[in-house]
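Trainee: Structure below; questions to follow.
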Amino acid sequence: MKLIQKTLGGAAVAAIALFSAATAQAEEFRLGLITPPPHIWTKAAEAFGAELSEASGGAHSVTVFPARQLGNEAEMLQQLQTGALDMAFMTVAEVSNRAQDFGAFYAPFLADDIDHAGRILRSDTAIGLLDQLPAEVGVVGTGYGMAGLRQIVSRGEVTSADDLVGLKLRITPFDPILDFYNALGAAPTPMPLPAVYDALANGQVDAIDMDAELIWVLKYYEHADTVVQSNHMMFPMVGLVSAKVWAGLSEEDRAMIGDLMGKHVDSTIDTYVAKDRDWLQQVRDTGKTYVEVDQDFFGDAVAEWNAIWSEKSGALDDLRQVAADTAN
């Protein structure tokens, strides 16, 4: 079954119809991201655009705007809602700020490893959550990608979670990760990605929460004393189309765009599964102090997060069941 057909239930289709009765078809789409040009998400967006142009016989084109050229994710999501922006590859983190069920993806230690994270994101339960997006957020979700699992990079020595207490620790600004580091006693500090390297270098932040790709590729380890491989959260991405734009497309174009975007966001899962361990090994080989920890390292913070989010997200129990069913 085609991915976009799996995501759009009857309620979602009805919600989309409310946005617009327009019949004009957009031919030149704009797609926004926060990631820099070399990033895997950006490359996937460019590959999607190229394949869409080919599949449509040149009728459709996609211009990709990486590195927050169109604003931060909150701003881009507003543009998607109004139809000012056509498409985006966006963190599920930002979506969870508008639809709290998606916060369940950030349950600490939901995934055992990078491969397990991919299986969870490809599950029918995860895909079914996309049905909420047209009515609740004003967008259509075509599928999930990801950016690996989260690690911690610190300017100081880290031998226990107590060493993180009070540290200004850079996070992506969304509630699930804010709640986690608040429970840990750190001082979570939202900061856009382009500012992170200099902030870590000059001590504006003491530590960062980051995925293996960017720790290695953007050389965040250069200004760190300790790298903590914790794998404490997955970090999903979702391919989005403005519901207003979607409503103006023909059924044929919806199927083509949905299938191709779903294919290319999904491809990022395979890329991270293939490369994540190598990035971490390369960071380890730099000679930096490298610590591997598990859930016990974080003490009561995991249980505190679970208590908070069992009240916030009705999807948490369902995703935990998926995680149990897909574990090795």
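Just remember, in the structure tokens the first chain shown is A, the second B, etc., residues are 1-based per chain, and ligands are 1-based in the order shown.
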Excluding same-chain residues fewer than 3 positions from Ala301 (chain A), what lies within 12 Å of it counting only C-alpha atoms, as a tab-separated table (two decimals) with C-alpha atoms, in the first residue's frame?

Mentor:
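Once written, selection_0.tsv looks like this:
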```tsv
chain	number	residue	atom	x	y	z
A	107	ALA	CA	10.13	8.87	25.35
A	108	PRO	CA	13.59	8.28	26.85
A	109	PHE	CA	14.99	4.92	25.79
A	161	ALA	CA	24.35	12.66	35.86
A	162	ASP	CA	25.19	14.89	38.82
A	165	VAL	CA	23.09	19.49	37.13
A	177	ILE	CA	13.29	17.37	25.73
A	178	LEU	CA	12.78	20.41	27.97
A	179	ASP	CA	10.93	18.21	30.47
A	180	PHE	CA	13.68	15.60	30.34
A	181	TYR	CA	16.54	17.95	31.14
A	182	ASN	CA	14.51	19.82	33.73
A	183	ALA	CA	13.93	16.50	35.46
A	184	LEU	CA	17.67	15.90	35.32
A	185	GLY	CA	18.37	19.28	36.95
A	186	ALA	CA	20.22	20.78	34.00
A	232	HIS	CA	18.61	8.51	25.22
A	295	GLN	CA	19.14	4.41	31.32
A	296	ASP	CA	20.39	3.94	34.89
A	297	PHE	CA	22.78	6.86	34.40
A	298	PHE	CA	19.84	9.28	34.37
A	304	GLU	CA	9.66	11.64	35.95
A	305	TRP	CA	9.45	12.20	32.19
A	306	ASN	CA	7.19	9.17	31.81
A	307	ALA	CA	4.86	10.46	34.53
A	308	ILE	CA	4.57	13.85	32.83
```

Trainee: Please identify which residues in region 172-211 of chain A DSSP calls helix (DSSP H, G or I) from the backbone, and express them as a list in words.

Mentor: Asp175, Pro176, Ile177, Leu178, Asp179, Phe180, Tyr181, Asn182, Ala183, Leu184, Leu193, Pro194, Ala195, Val196, Tyr197, Asp198, Ala199, Leu200, Ala201 and Asn202 of chain A

Trainee: Could you tell me how far CA of Val196 (chain A) lies from CA of Arg170 (chain A), in Å and to one decimal?

Mentor: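 So the answer is 7.7 Å.
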
Trainee: Taking 6 positions as the minimum chain separation for residues in the same chain, which residues sit within 9 Å of Thr42 (chain A) when counting only C-alpha atoms? Answer as an NGL selection string.

Mentor: :A and (33-36 or 64-67 or 89)

Trainee: Can you tell me, as a ChimeraX atom specification, which residues in region 93-183 of chain A count as strand (DSSP E) by DSSP?

Mentor: /A:139-154,168-171

Trainee: Have a look at CA of Leu169 (chain A) and CA of Gly203 (chain A) and let me know their distance in Å, one decimal.

Mentor: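 That distance, rounded to one decimal, is 10.7 Å.
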
Trainee: Between A:Arg30, A:Lys219, A:Arg122, A:Arg254, which one has atoms that come closest to Val238 (chain A), using only C-alpha atoms?

Mentor: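 Of all the options, A:Arg122 lies closest to Val238 (chain A).
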
Trainee: Just give me the gap between CA of Phe48 (chain A) and CA of Val241 (chain A) in Å, one decimal is fine.

Mentor: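 These two atoms are separated by 13.0 Å.
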
Trainee: A:Gly148, A:Ala93, A:Ile171, A:Asp259: which is nearest His116 (chain A), counting only C-alpha atoms?

Mentor: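 So, comparing all the options, the nearest one is A:Gly148.
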
Trainee: Write out as a PyMOL selection string each polymer residue whose atoms come within 8 Å of Tyr106 (chain A), counting only C-alpha atoms; drop sequence neighbours fewer than 5 positions from it.

Mentor: chain A and resi 176-177+233-235

Trainee: Point out the residue among A:Ala47, A:Ala212, A:Leu260, A:Ala255 with the least atom-to-atom distance to Val283 (chain A), counting only C-alpha atoms.

Mentor: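 Checking each of A:Ala47, A:Ala212, A:Leu260, A:Ala255 against Val283 (chain A), counting only C-alpha atoms, the winner is A:Ala212.
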
Trainee: For Arg98 (chain A), list every protein, DNA or RNA residue within 10 Å, evaluated using only C-alpha atoms, and leave out those in the same chain fewer than 5 positions away; present the list as a list in words.

Mentor: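 Selected residues are Ala74, Leu77, Ala93, Gly103, Leu133, Glu136 and Val137 of chain A.
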
Trainee: How would the residues just chosen look if you wrote them out with C-alpha atoms as a PDB file, in the first residue's frame?

Mentor:
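Final output, again.pdb:
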```pdb
ATOM      1  CA  ALA A  74       7.855  27.498  14.082  1.00  0.00           C
ATOM      2  CA  LEU A  77       5.026  25.715  10.145  1.00  0.00           C
ATOM      3  CA  ALA A  93       9.793  18.061  17.730  1.00  0.00           C
ATOM      4  CA  GLY A 103       5.769  13.969  21.950  1.00  0.00           C
ATOM      5  CA  LEU A 133      -2.055  16.520  11.192  1.00  0.00           C
ATOM      6  CA  GLU A 136      -4.766  19.723  14.245  1.00  0.00           C
ATOM      7  CA  VAL A 137      -1.836  21.376  12.476  1.00  0.00           C
TER       8      VAL A 137
END
```

Trainee: I want to know what sits within 10 Å of Ser267 (chain A), based on only C-alpha atoms, with residues of the same chain fewer than 6 positions away left out; could you give that as an MDAnalysis selection string?

Mentor: chainID A and resid 40:41 44 144:146 261

Trainee: Set the distance at 10 Å and use only C-alpha atoms: which residues neighbour Asp112 (chain A) once local chain neighbours fewer than 6 positions away are removed? I'd like the list as a PDB file with N, CA and C atoms, in the first residue's frame.

Mentor:
```pdb
ATOM      1  N   LEU A 149      20.015   8.957  17.072  1.00  0.00           N
ATOM      2  CA  LEU A 149      19.700   9.044  18.493  1.00  0.00           C
ATOM      3  C   LEU A 149      20.499  10.171  19.123  1.00  0.00           C
ATOM      4  N   ASN A 231      22.368   7.587  23.762  1.00  0.00           N
ATOM      5  CA  ASN A 231      21.267   7.093  22.916  1.00  0.00           C
ATOM      6  C   ASN A 231      19.919   7.272  23.614  1.00  0.00           C
ATOM      7  N   HIS A 232      19.747   8.406  24.308  1.00  0.00           N
ATOM      8  CA  HIS A 232      18.612   8.514  25.216  1.00  0.00           C
ATOM      9  C   HIS A 232      17.289   8.829  24.535  1.00  0.00           C
ATOM     10  N   MET A 233      17.312   9.377  23.326  1.00  0.00           N
ATOM     11  CA  MET A 233      16.073   9.655  22.599  1.00  0.00           C
ATOM     12  C   MET A 233      16.296   9.500  21.115  1.00  0.00           C
ATOM     13  N   MET A 234      15.260   9.088  20.404  1.00  0.00           N
ATOM     14  CA  MET A 234      15.299   9.177  18.951  1.00  0.00           C
ATOM     15  C   MET A 234      14.941  10.610  18.556  1.00  0.00           C
ATOM     16  N   ALA A 323       7.248  -0.569  20.408  1.00  0.00           N
ATOM     17  CA  ALA A 323       8.655  -0.777  20.742  1.00  0.00           C
ATOM     18  C   ALA A 323       8.895  -2.179  21.280  1.00  0.00           C
ATOM     19  N   ALA A 324       7.988  -2.647  22.123  1.00  0.00           N
ATOM     20  CA  ALA A 324       8.125  -4.006  22.662  1.00  0.00           C
ATOM     21  C   ALA A 324       7.990  -5.044  21.570  1.00  0.00           C
ATOM     22  N   THR A 326       8.650  -4.741  18.396  1.00  0.00           N
ATOM     23  CA  THR A 326       9.676  -4.680  17.361  1.00  0.00           C
ATOM     24  C   THR A 326      11.090  -4.793  17.909  1.00  0.00           C
ATOM     25  N   ALA A 327      11.217  -4.996  19.227  1.00  0.00           N
ATOM     26  CA  ALA A 327      12.550  -5.153  19.823  1.00  0.00           C
ATOM     27  C   ALA A 327      13.183  -6.457  19.343  1.00  0.00           C
ATOM     28  N   ASN A 328      14.507  -6.479  19.336  1.00  0.00           N
ATOM     29  CA  ASN A 328      15.211  -7.701  18.936  1.00  0.00           C
ATOM     30  C   ASN A 328      15.015  -8.808  19.958  1.00  0.00           C
TER      31      ASN A 328
END
```
